[in-house]
Amino acid sequence: MSSSLTFAYYPGCSGQGTSIEYDKSTRAVCKALGIELVDIPDWSCCGSSPAHTVDHILSAALSARNILQAEDMDVQGIITPCPSCLTNLKVASHRMRDEQFKEKVDDLLNEPCRNDLPIMSVLQVIYEKLGPKALAAKVTNPLKGLKLAPYYGCIMNRPPEVMDFDDCENPVAMDHLMEAVGAEVMPFPLKVECCGASFGVARNDVVTKLSGKLLDVAADCGAAAMVTACPLCQMNLDMRQDQINRANKSSHKMAVFYYTQLIGKALGLSDASLMLDKLCVDPGHLFREIETARTADAV
């Protein structure tokens, strides 16, 4: 019998490449918090962003295959760190509530999908199943003095009837978790605005404009760094920050963390396990400032 916090884990394709630090830090943090992650055997791509534009049935079947793979596991549900994967998995599950739609999907799977496992983000599990108070009790290295702008992106909580987590216009789960690890959450009004998503190559001008606005407002709010839960958002804000600066004649040098990296840092996990060195904008000075302030307080 599994523990009360054992979940089928869907890492997603980006977690094996461009956002490997998100996957690694997620695994490290969940282990430290007593959340057991069991990889879905032989998992496959969920279809990511574009599959549904070709065929809704095929798109749902891509995600449903992974749901089906998890149904024989002794788990409390399916969880994933990636909002895009989460959206595809949850949309497929939601659409399969329609029996006619489900029959077409099941025909492609060659066996029926029960479709009875809860599907959640890792963020939701930490926030709802563990909670900020329990997280705070495990903190050994509080991030006191770190001023953060929490950025959720536009799909983590939308559409609300499908995602069913937090507030779709003013989510607060990540805010409360960051406060639990000692950081100061700034009043960032663009929490759910789009960063430009996957247009980084096709329409780089769109990404530099939208992501540039996010960085501008975060800085105006007094944030020293941003924190997010989405690989694509993190890539646009971090990796493309030089492009944004050139396009907008700005001079941002703002670190953009995954929330799991900051939780891990507060729990005393090693920088190597959190892969902080993979961030394009070096966050080292922020942690040095925290340590300097901590040392001064102790004197």
# chains A, B, ... in the order shown; residues from 1 in each chain; ligands from 1
$ closest_atom_pairs --of "range 134-181 of chain A" --to "range 278-295 of chain A" --cutoff "10 Å" --atoms "only C-alpha atoms" --output "Markdown table"
| residue | atom | partner | partner_atom | distance |
| --- | --- | --- | --- | --- |
| A:Asn141 | CA | A:Glu291 | CA | 9.2 |
| A:Pro142 | CA | A:Ile290 | CA | 8.6 |
| A:Leu143 | CA | A:Ile290 | CA | 6.5 |
| A:Lys144 | CA | A:Ile290 | CA | 6.4 |
| A:Gly145 | CA | A:Ile290 | CA | 6.3 |
| A:Leu146 | CA | A:Ile290 | CA | 7.1 |
| A:Lys147 | CA | A:Leu286 | CA | 9.6 |
$ write_last_selection --atoms "N, CA and C atoms" --output "PDB file, in the first residue's frame"
ATOM      1  N   ASN A 141      16.654  27.257   6.129  1.00  0.00           N
ATOM      2  CA  ASN A 141      17.444  28.306   5.509  1.00  0.00           C
ATOM      3  C   ASN A 141      16.495  29.366   4.935  1.00  0.00           C
ATOM      4  N   PRO A 142      15.798  30.116   5.797  1.00  0.00           N
ATOM      5  CA  PRO A 142      14.762  31.036   5.327  1.00  0.00           C
ATOM      6  C   PRO A 142      15.301  32.091   4.368  1.00  0.00           C
ATOM      7  N   LEU A 143      14.486  32.414   3.383  1.00  0.00           N
ATOM      8  CA  LEU A 143      14.891  33.362   2.335  1.00  0.00           C
ATOM      9  C   LEU A 143      14.500  34.780   2.722  1.00  0.00           C
ATOM     10  N   LYS A 144      14.803  35.138   3.938  1.00  0.00           N
ATOM     11  CA  LYS A 144      14.434  36.447   4.461  1.00  0.00           C
ATOM     12  C   LYS A 144      15.118  37.557   3.680  1.00  0.00           C
ATOM     13  N   GLY A 145      14.319  38.528   3.260  1.00  0.00           N
ATOM     14  CA  GLY A 145      14.856  39.664   2.526  1.00  0.00           C
ATOM     15  C   GLY A 145      14.764  39.536   1.015  1.00  0.00           C
ATOM     16  N   LEU A 146      14.431  38.336   0.522  1.00  0.00           N
ATOM     17  CA  LEU A 146      14.316  38.137  -0.929  1.00  0.00           C
ATOM     18  C   LEU A 146      12.940  38.616  -1.386  1.00  0.00           C
ATOM     19  N   LYS A 147      12.924  39.645  -2.210  1.00  0.00           N
ATOM     20  CA  LYS A 147      11.679  40.229  -2.696  1.00  0.00           C
ATOM     21  C   LYS A 147      11.323  39.626  -4.051  1.00  0.00           C
TER      22      LYS A 147
END
$ residues_around --residues "range 184-187 of chain A" --least-positions-apart "5" --cutoff "7 Å" --atoms "only C-alpha atoms" --output "number ranges by chain"
A: 145-149, 175, 179, 221-223
$ write_last_selection --atoms "N, CA and C atoms" --output "mmCIF file, in the first residue's frame"
data_model
loop_
_atom_site.group_PDB
_atom_site.id
_atom_site.type_symbol
_atom_site.label_atom_id
_atom_site.label_comp_id
_atom_site.auth_asym_id
_atom_site.auth_seq_id
_atom_site.Cartn_x
_atom_site.Cartn_y
_atom_site.Cartn_z
ATOM 1 N N GLY A 145 14.319 38.528 3.260
ATOM 2 C CA GLY A 145 14.856 39.664 2.526
ATOM 3 C C GLY A 145 14.764 39.536 1.015
ATOM 4 N N LEU A 146 14.431 38.336 0.522
ATOM 5 C CA LEU A 146 14.316 38.137 -0.929
ATOM 6 C C LEU A 146 12.940 38.616 -1.386
ATOM 7 N N LYS A 147 12.924 39.645 -2.210
ATOM 8 C CA LYS A 147 11.679 40.229 -2.696
ATOM 9 C C LYS A 147 11.323 39.626 -4.051
ATOM 10 N N LEU A 148 10.162 38.978 -4.107
ATOM 11 C CA LEU A 148 9.783 38.199 -5.284
ATOM 12 C C LEU A 148 8.504 38.699 -5.938
ATOM 13 N N ALA A 149 8.478 38.599 -7.267
ATOM 14 C CA ALA A 149 7.240 38.793 -8.027
ATOM 15 C C ALA A 149 6.783 37.414 -8.480
ATOM 16 N N ASP A 175 2.295 32.459 -3.919
ATOM 17 C CA ASP A 175 2.574 33.558 -2.990
ATOM 18 C C ASP A 175 2.744 33.019 -1.575
ATOM 19 N N GLU A 179 6.025 32.873 0.885
ATOM 20 C CA GLU A 179 6.017 33.494 2.210
ATOM 21 C C GLU A 179 6.389 32.477 3.283
ATOM 22 N N CYS A 221 7.615 47.072 -9.088
ATOM 23 C CA CYS A 221 7.001 46.651 -7.827
ATOM 24 C C CYS A 221 8.026 46.435 -6.716
ATOM 25 N N GLY A 222 9.297 46.547 -7.062
ATOM 26 C CA GLY A 222 10.339 46.373 -6.057
ATOM 27 C C GLY A 222 10.888 44.976 -5.956
ATOM 28 N N ALA A 223 10.538 44.104 -6.902
ATOM 29 C CA ALA A 223 11.016 42.721 -6.856
ATOM 30 C C ALA A 223 12.481 42.647 -7.281
#
$ closest_atom_pairs --of "range 175-227 of chain A" --to "range 265-275 of chain A" --cutoff "10 Å" --atoms "only C-alpha atoms" --output "tab-separated table"
residue	atom	partner	partner_atom	distance
A:Met178	CA	A:Ala266	CA	9.6
A:Ala180	CA	A:Ala266	CA	9.5
A:Val181	CA	A:Ala266	CA	5.8
A:Gly182	CA	A:Ala266	CA	8.0
A:Ala183	CA	A:Ala266	CA	9.4
$ write_last_selection --atoms "N, CA and C atoms" --output "tab-separated table (two decimals), in the first residue's frame"
chain	number	residue	atom	x	y	z
A	178	MET	N	5.84	30.88	-1.05
A	178	MET	CA	7.05	31.69	-0.97
A	178	MET	C	7.14	32.43	0.36
A	180	ALA	N	5.96	31.23	3.07
A	180	ALA	CA	6.26	30.18	4.04
A	180	ALA	C	7.75	29.90	4.14
A	181	VAL	N	8.49	30.13	3.04
A	181	VAL	CA	9.93	29.89	3.08
A	181	VAL	C	10.71	31.17	3.40
A	182	GLY	N	9.99	32.22	3.79
A	182	GLY	CA	10.63	33.42	4.32
A	182	GLY	C	10.80	34.57	3.36
A	183	ALA	N	10.42	34.40	2.10
A	183	ALA	CA	10.58	35.47	1.12
A	183	ALA	C	9.49	36.52	1.28
$ select_by_dssp --residues "range 171-262 of chain A" --states "strand (DSSP E or B)" --output "number ranges by chain"
A: 184-185, 225-228, 255-258
$ residues_around --residues "range 226-228 of chain A" --least-positions-apart "6" --cutoff "6 Å" --atoms "only C-alpha atoms" --output "list in words"
Leu148, Ala149, Pro150, Tyr151, Tyr152, Val256, Phe257, Tyr258 and Tyr259 of chain A
$ residues_around --residues "range 43-56 of chain A" --least-positions-apart "2" --cutoff "10 Å" --atoms "only C-alpha atoms" --output "MDAnalysis selection string"
chainID A and resid 9:14 39:41 58:70 83:89 92 95 101 105 197:198
$ write_last_selection --atoms "C-alpha atoms" --output "PDB file, in the first residue's frame"
ATOM      1  CA  TYR A   9       4.502  11.525 -11.881  1.00  0.00           C
ATOM      2  CA  TYR A  10       4.356  12.848 -15.421  1.00  0.00           C
ATOM      3  CA  PRO A  11       7.638  14.744 -16.020  1.00  0.00           C
ATOM      4  CA  GLY A  12       6.827  16.003 -19.512  1.00  0.00           C
ATOM      5  CA  CYS A  13       9.181  16.363 -22.453  1.00  0.00           C
ATOM      6  CA  SER A  14      10.658  19.741 -21.474  1.00  0.00           C
ATOM      7  CA  ASP A  39       7.150   7.908 -12.821  1.00  0.00           C
ATOM      8  CA  ILE A  40       4.376   6.779 -15.135  1.00  0.00           C
ATOM      9  CA  PRO A  41       5.843   3.780 -16.986  1.00  0.00           C
ATOM     10  CA  LEU A  58      -6.073  12.453 -31.380  1.00  0.00           C
ATOM     11  CA  SER A  59      -4.898  15.176 -29.036  1.00  0.00           C
ATOM     12  CA  ALA A  60      -6.992  13.774 -26.188  1.00  0.00           C
ATOM     13  CA  ALA A  61      -5.753  10.264 -26.930  1.00  0.00           C
ATOM     14  CA  LEU A  62      -2.128  11.382 -26.556  1.00  0.00           C
ATOM     15  CA  SER A  63      -2.839  12.544 -23.011  1.00  0.00           C
ATOM     16  CA  ALA A  64      -5.302   9.738 -22.260  1.00  0.00           C
ATOM     17  CA  ARG A  65      -2.627   7.163 -23.022  1.00  0.00           C
ATOM     18  CA  ASN A  66      -0.613   8.512 -20.093  1.00  0.00           C
ATOM     19  CA  ILE A  67      -3.677   8.564 -17.868  1.00  0.00           C
ATOM     20  CA  LEU A  68      -4.326   4.955 -18.818  1.00  0.00           C
ATOM     21  CA  GLN A  69      -0.714   4.019 -18.005  1.00  0.00           C
ATOM     22  CA  ALA A  70      -1.187   5.401 -14.475  1.00  0.00           C
ATOM     23  CA  PRO A  83       1.235  23.807 -16.775  1.00  0.00           C
ATOM     24  CA  SER A  84       1.093  22.915 -20.486  1.00  0.00           C
ATOM     25  CA  CYS A  85       1.184  19.180 -19.727  1.00  0.00           C
ATOM     26  CA  LEU A  86      -1.311  19.747 -16.924  1.00  0.00           C
ATOM     27  CA  THR A  87      -3.672  21.538 -19.297  1.00  0.00           C
ATOM     28  CA  ASN A  88      -3.545  18.746 -21.861  1.00  0.00           C
ATOM     29  CA  LEU A  89      -4.043  15.995 -19.291  1.00  0.00           C
ATOM     30  CA  ALA A  92      -8.489  15.274 -22.089  1.00  0.00           C
ATOM     31  CA  ARG A  95     -13.657  15.990 -22.442  1.00  0.00           C
ATOM     32  CA  PHE A 101     -16.050  11.611 -27.082  1.00  0.00           C
ATOM     33  CA  VAL A 105     -10.612   8.126 -27.595  1.00  0.00           C
ATOM     34  CA  ALA A 197       4.321  31.634 -24.925  1.00  0.00           C
ATOM     35  CA  SER A 198       5.835  29.647 -27.807  1.00  0.00           C
TER      36      SER A 198
END
$ residues_around --residues "range 236-242 of chain A" --least-positions-apart "4" --cutoff "8 Å" --atoms "only C-alpha atoms" --output "tab-separated table (two decimals) with C-alpha atoms, in the first residue's frame"
chain	number	residue	atom	x	y	z
A	195	CYS	CA	4.59	36.07	-21.64
A	196	GLY	CA	4.31	35.40	-25.38
A	197	ALA	CA	4.32	31.63	-24.93
A	200	GLY	CA	9.92	33.09	-29.22
A	207	VAL	CA	7.66	37.76	-26.75
A	208	THR	CA	10.04	40.66	-26.18
A	211	SER	CA	7.80	39.45	-21.41
A	212	GLY	CA	9.45	42.85	-21.31
A	215	LEU	CA	9.97	42.35	-16.19
A	232	LEU	CA	7.96	28.26	-21.14
A	246	ARG	CA	18.01	44.83	-26.70
A	252	HIS	CA	17.11	44.01	-16.60
A	253	LYS	CA	19.32	41.54	-14.76
A	254	MET	CA	16.51	39.82	-12.92
A	255	ALA	CA	16.85	36.20	-11.84
A	256	VAL	CA	13.84	34.06	-12.73
A	279	LEU	CA	19.65	29.72	-14.80
A	280	CYS	CA	20.84	32.21	-17.42
A	281	VAL	CA	20.67	35.21	-15.08
$ residues_around --residues "range 130-134 of chain A" --least-positions-apart "5" --cutoff "7 Å" --atoms "only C-alpha atoms" --output "JSON, numbers by chain"
{"A": [125, 176, 177, 180]}
$ write_last_selection --atoms "C-alpha atoms" --output "PDB file, in the first residue's frame"
ATOM      1  CA  VAL A 125      -0.222  19.099  -4.200  1.00  0.00           C
ATOM      2  CA  HIS A 176       1.779  31.715   0.236  1.00  0.00           C
ATOM      3  CA  LEU A 177       4.412  29.031  -0.357  1.00  0.00           C
ATOM      4  CA  ALA A 180       6.263  30.177   4.040  1.00  0.00           C
TER       5      ALA A 180
END
$ atom_distance --atom1 "CA of Val201 in chain A" --atom2 "CA of Cys154 in chain A"
19.4 Å
$ closest_residue --among "A:Ala225, A:Val217, A:Leu5, A:Cys168" --to "Val75 in chain A" --atoms "only C-alpha atoms"
A:Leu5
$ atom_distance --atom1 "CA of Val122 in chain A" --atom2 "CA of Arg27 in chain A"
10.0 Å
$ residues_around --residues "Lys90 in chain A" --least-positions-apart "4" --cutoff "8 Å" --atoms "only C-alpha atoms" --output "ChimeraX atom specification"
/A:86,94,119,162-163
$ select_by_dssp --residues "range 24-68 of chain A" --states "alpha helix (DSSP H)" --output "PyMOL selection string"
chain A and resi 24-33+56-68
$ write_last_selection --atoms "N, CA and C atoms" --output "PDB file, in the first residue's frame"
ATOM      1  N   LYS A  24      14.415  18.254 -11.910  1.00  0.00           N
ATOM      2  CA  LYS A  24      15.338  17.818 -10.861  1.00  0.00           C
ATOM      3  C   LYS A  24      14.990  18.468  -9.522  1.00  0.00           C
ATOM      4  N   SER A  25      14.697  19.753  -9.533  1.00  0.00           N
ATOM      5  CA  SER A  25      14.362  20.434  -8.279  1.00  0.00           C
ATOM      6  C   SER A  25      13.013  19.970  -7.745  1.00  0.00           C
ATOM      7  N   THR A  26      12.095  19.643  -8.648  1.00  0.00           N
ATOM      8  CA  THR A  26      10.803  19.113  -8.226  1.00  0.00           C
ATOM      9  C   THR A  26      10.980  17.778  -7.514  1.00  0.00           C
ATOM     10  N   ARG A  27      11.767  16.910  -8.102  1.00  0.00           N
ATOM     11  CA  ARG A  27      12.014  15.604  -7.491  1.00  0.00           C
ATOM     12  C   ARG A  27      12.700  15.749  -6.130  1.00  0.00           C
ATOM     13  N   ALA A  28      13.685  16.641  -6.060  1.00  0.00           N
ATOM     14  CA  ALA A  28      14.422  16.831  -4.810  1.00  0.00           C
ATOM     15  C   ALA A  28      13.527  17.389  -3.710  1.00  0.00           C
ATOM     16  N   VAL A  29      12.713  18.369  -4.053  1.00  0.00           N
ATOM     17  CA  VAL A  29      11.831  18.995  -3.073  1.00  0.00           C
ATOM     18  C   VAL A  29      10.751  18.019  -2.609  1.00  0.00           C
ATOM     19  N   CYS A  30      10.151  17.311  -3.550  1.00  0.00           N
ATOM     20  CA  CYS A  30       9.103  16.363  -3.162  1.00  0.00           C
ATOM     21  C   CYS A  30       9.661  15.278  -2.234  1.00  0.00           C
ATOM     22  N   LYS A  31      10.862  14.815  -2.513  1.00  0.00           N
ATOM     23  CA  LYS A  31      11.484  13.819  -1.639  1.00  0.00           C
ATOM     24  C   LYS A  31      11.681  14.389  -0.240  1.00  0.00           C
ATOM     25  N   ALA A  32      12.145  15.631  -0.168  1.00  0.00           N
ATOM     26  CA  ALA A  32      12.381  16.264   1.128  1.00  0.00           C
ATOM     27  C   ALA A  32      11.085  16.496   1.899  1.00  0.00           C
ATOM     28  N   LEU A  33       9.991  16.679   1.173  1.00  0.00           N
ATOM     29  CA  LEU A  33       8.700  16.951   1.808  1.00  0.00           C
ATOM     30  C   LEU A  33       7.883  15.685   2.063  1.00  0.00           C
ATOM     31  N   HIS A  56      -8.893  17.062 -32.246  1.00  0.00           N
ATOM     32  CA  HIS A  56      -9.207  17.022 -30.809  1.00  0.00           C
ATOM     33  C   HIS A  56      -9.207  15.602 -30.261  1.00  0.00           C
ATOM     34  N   ILE A  57      -9.650  14.655 -31.045  1.00  0.00           N
ATOM     35  CA  ILE A  57      -9.684  13.260 -30.582  1.00  0.00           C
ATOM     36  C   ILE A  57      -8.268  12.719 -30.433  1.00  0.00           C
ATOM     37  N   LEU A  58      -7.452  12.918 -31.451  1.00  0.00           N
ATOM     38  CA  LEU A  58      -6.073  12.453 -31.380  1.00  0.00           C
ATOM     39  C   LEU A  58      -5.304  13.148 -30.256  1.00  0.00           C
ATOM     40  N   SER A  59      -5.561  14.429 -30.096  1.00  0.00           N
ATOM     41  CA  SER A  59      -4.898  15.176 -29.036  1.00  0.00           C
ATOM     42  C   SER A  59      -5.262  14.608 -27.665  1.00  0.00           C
ATOM     43  N   ALA A  60      -6.541  14.346 -27.463  1.00  0.00           N
ATOM     44  CA  ALA A  60      -6.992  13.774 -26.188  1.00  0.00           C
ATOM     45  C   ALA A  60      -6.400  12.387 -25.975  1.00  0.00           C
ATOM     46  N   ALA A  61      -6.286  11.623 -27.047  1.00  0.00           N
ATOM     47  CA  ALA A  61      -5.753  10.264 -26.930  1.00  0.00           C
ATOM     48  C   ALA A  61      -4.284  10.278 -26.513  1.00  0.00           C
ATOM     49  N   LEU A  62      -3.531  11.271 -26.967  1.00  0.00           N
ATOM     50  CA  LEU A  62      -2.128  11.382 -26.556  1.00  0.00           C
ATOM     51  C   LEU A  62      -2.019  11.520 -25.038  1.00  0.00           C
ATOM     52  N   SER A  63      -2.851  12.382 -24.465  1.00  0.00           N
ATOM     53  CA  SER A  63      -2.839  12.544 -23.011  1.00  0.00           C
ATOM     54  C   SER A  63      -3.482  11.365 -22.307  1.00  0.00           C
ATOM     55  N   ALA A  64      -4.587  10.847 -22.888  1.00  0.00           N
ATOM     56  CA  ALA A  64      -5.302   9.738 -22.260  1.00  0.00           C
ATOM     57  C   ALA A  64      -4.439   8.489 -22.160  1.00  0.00           C
ATOM     58  N   ARG A  65      -3.526   8.313 -23.100  1.00  0.00           N
ATOM     59  CA  ARG A  65      -2.627   7.163 -23.022  1.00  0.00           C
ATOM     60  C   ARG A  65      -1.826   7.197 -21.728  1.00  0.00           C
ATOM     61  N   ASN A  66      -1.375   8.384 -21.338  1.00  0.00           N
ATOM     62  CA  ASN A  66      -0.613   8.512 -20.093  1.00  0.00           C
ATOM     63  C   ASN A  66      -1.505   8.321 -18.869  1.00  0.00           C
ATOM     64  N   ILE A  67      -2.727   8.799 -18.958  1.00  0.00           N
ATOM     65  CA  ILE A  67      -3.677   8.564 -17.868  1.00  0.00           C
ATOM     66  C   ILE A  67      -3.921   7.078 -17.710  1.00  0.00           C
ATOM     67  N   LEU A  68      -4.104   6.397 -18.829  1.00  0.00           N
ATOM     68  CA  LEU A  68      -4.326   4.955 -18.818  1.00  0.00           C
ATOM     69  C   LEU A  68      -3.134   4.225 -18.205  1.00  0.00           C
TER      70      LEU A  68
END
$ atom_distance --atom1 "CA of Leu276 in chain A" --atom2 "CA of Thr260 in chain A"
10.7 Å
$ decode --residues "range 175-276 of chain A" --atoms "C-alpha atoms" --output "compact mmCIF listing (two decimals), in the first residue's frame"
# COMPACT_ATOMS: atom_id res chain seq x y z
CA ASP A 175 2.57 33.56 -2.99
CA HIS A 176 1.78 31.71 0.24
CA LEU A 177 4.41 29.03 -0.36
CA MET A 178 7.05 31.69 -0.97
CA GLU A 179 6.02 33.49 2.21
CA ALA A 180 6.26 30.18 4.04
CA VAL A 181 9.93 29.89 3.08
CA GLY A 182 10.63 33.42 4.32
CA ALA A 183 10.58 35.47 1.12
CA GLU A 184 8.73 38.76 0.73
CA VAL A 185 6.05 38.59 -1.96
CA MET A 186 5.57 41.85 -3.81
CA PRO A 187 2.16 43.01 -5.10
CA PHE A 188 2.66 41.91 -8.70
CA PRO A 189 -0.47 42.74 -10.76
CA LEU A 190 0.45 40.74 -13.90
CA LYS A 191 0.39 37.27 -12.32
CA VAL A 192 -1.63 35.66 -15.09
CA GLU A 193 -0.72 37.80 -18.12
CA CYS A 194 0.81 36.04 -21.14
CA CYS A 195 4.59 36.07 -21.64
CA GLY A 196 4.31 35.40 -25.38
CA ALA A 197 4.32 31.63 -24.93
CA SER A 198 5.83 29.65 -27.81
CA PHE A 199 6.27 32.59 -30.18
CA GLY A 200 9.92 33.09 -29.22
CA VAL A 201 11.15 32.12 -32.69
CA ALA A 202 8.16 32.75 -34.97
CA ARG A 203 7.27 36.15 -33.45
CA ASN A 204 10.11 37.18 -31.21
CA ASP A 205 8.76 40.73 -31.23
CA VAL A 206 5.64 39.52 -29.44
CA VAL A 207 7.66 37.76 -26.75
CA THR A 208 10.04 40.66 -26.18
CA LYS A 209 7.09 43.04 -25.81
CA LEU A 210 4.97 40.90 -23.48
CA SER A 211 7.80 39.45 -21.41
CA GLY A 212 9.45 42.85 -21.31
CA LYS A 213 6.32 44.29 -19.75
CA LEU A 214 6.37 41.58 -17.09
CA LEU A 215 9.97 42.35 -16.19
CA ASP A 216 9.31 46.10 -16.18
CA VAL A 217 6.36 45.80 -13.81
CA ALA A 218 8.15 43.31 -11.55
CA ALA A 219 11.02 45.77 -11.20
CA ASP A 220 8.62 48.66 -10.61
CA CYS A 221 7.00 46.65 -7.83
CA GLY A 222 10.34 46.37 -6.06
CA ALA A 223 11.02 42.72 -6.86
CA ALA A 224 14.62 41.54 -6.96
CA ALA A 225 13.61 38.33 -8.74
CA MET A 226 10.66 36.57 -10.33
CA VAL A 227 9.39 33.09 -9.51
CA THR A 228 7.32 30.91 -11.79
CA ALA A 229 5.92 27.41 -12.22
CA CYS A 230 6.03 27.20 -16.03
CA PRO A 231 8.98 26.10 -18.20
CA LEU A 232 7.96 28.26 -21.14
CA CYS A 233 7.44 31.36 -18.99
CA GLN A 234 10.78 30.79 -17.28
CA MET A 235 12.54 30.39 -20.63
CA ASN A 236 11.09 33.58 -22.07
CA LEU A 237 11.87 35.68 -19.00
CA ASP A 238 15.29 34.21 -18.22
CA MET A 239 16.94 32.90 -21.39
CA ARG A 240 15.49 35.66 -23.59
CA GLN A 241 16.20 38.48 -21.15
CA ASP A 242 19.10 39.80 -23.22
CA GLN A 243 16.86 39.79 -26.31
CA ILE A 244 14.23 41.68 -24.31
CA ASN A 245 16.76 44.25 -23.16
CA ARG A 246 18.01 44.83 -26.70
CA ALA A 247 14.50 45.14 -28.15
CA ASN A 248 13.14 47.40 -25.42
CA LYS A 249 16.33 49.30 -24.54
CA SER A 250 16.02 48.06 -20.98
CA SER A 251 18.73 46.77 -18.64
CA HIS A 252 17.11 44.01 -16.60
CA LYS A 253 19.32 41.54 -14.76
CA MET A 254 16.51 39.82 -12.92
CA ALA A 255 16.85 36.20 -11.84
CA VAL A 256 13.84 34.06 -12.73
CA PHE A 257 13.46 31.02 -10.47
CA TYR A 258 11.26 27.98 -10.46
CA TYR A 259 9.37 27.94 -7.18
CA THR A 260 10.76 24.48 -6.47
CA GLN A 261 14.30 25.85 -6.58
CA LEU A 262 13.48 28.42 -3.91
CA ILE A 263 11.64 25.92 -1.73
CA GLY A 264 14.63 23.59 -2.05
CA LYS A 265 17.04 26.38 -1.13
CA ALA A 266 14.98 27.16 1.97
CA LEU A 267 14.95 23.47 2.91
CA GLY A 268 18.74 23.43 2.80
CA LEU A 269 19.06 21.30 -0.33
CA SER A 270 22.25 21.61 -2.36
CA ASP A 271 22.53 24.00 -5.28
CA ALA A 272 23.54 21.03 -7.43
CA SER A 273 20.31 19.15 -6.69
CA LEU A 274 18.34 22.28 -7.61
CA MET A 275 20.48 23.00 -10.70
CA LEU A 276 20.65 26.70 -9.91
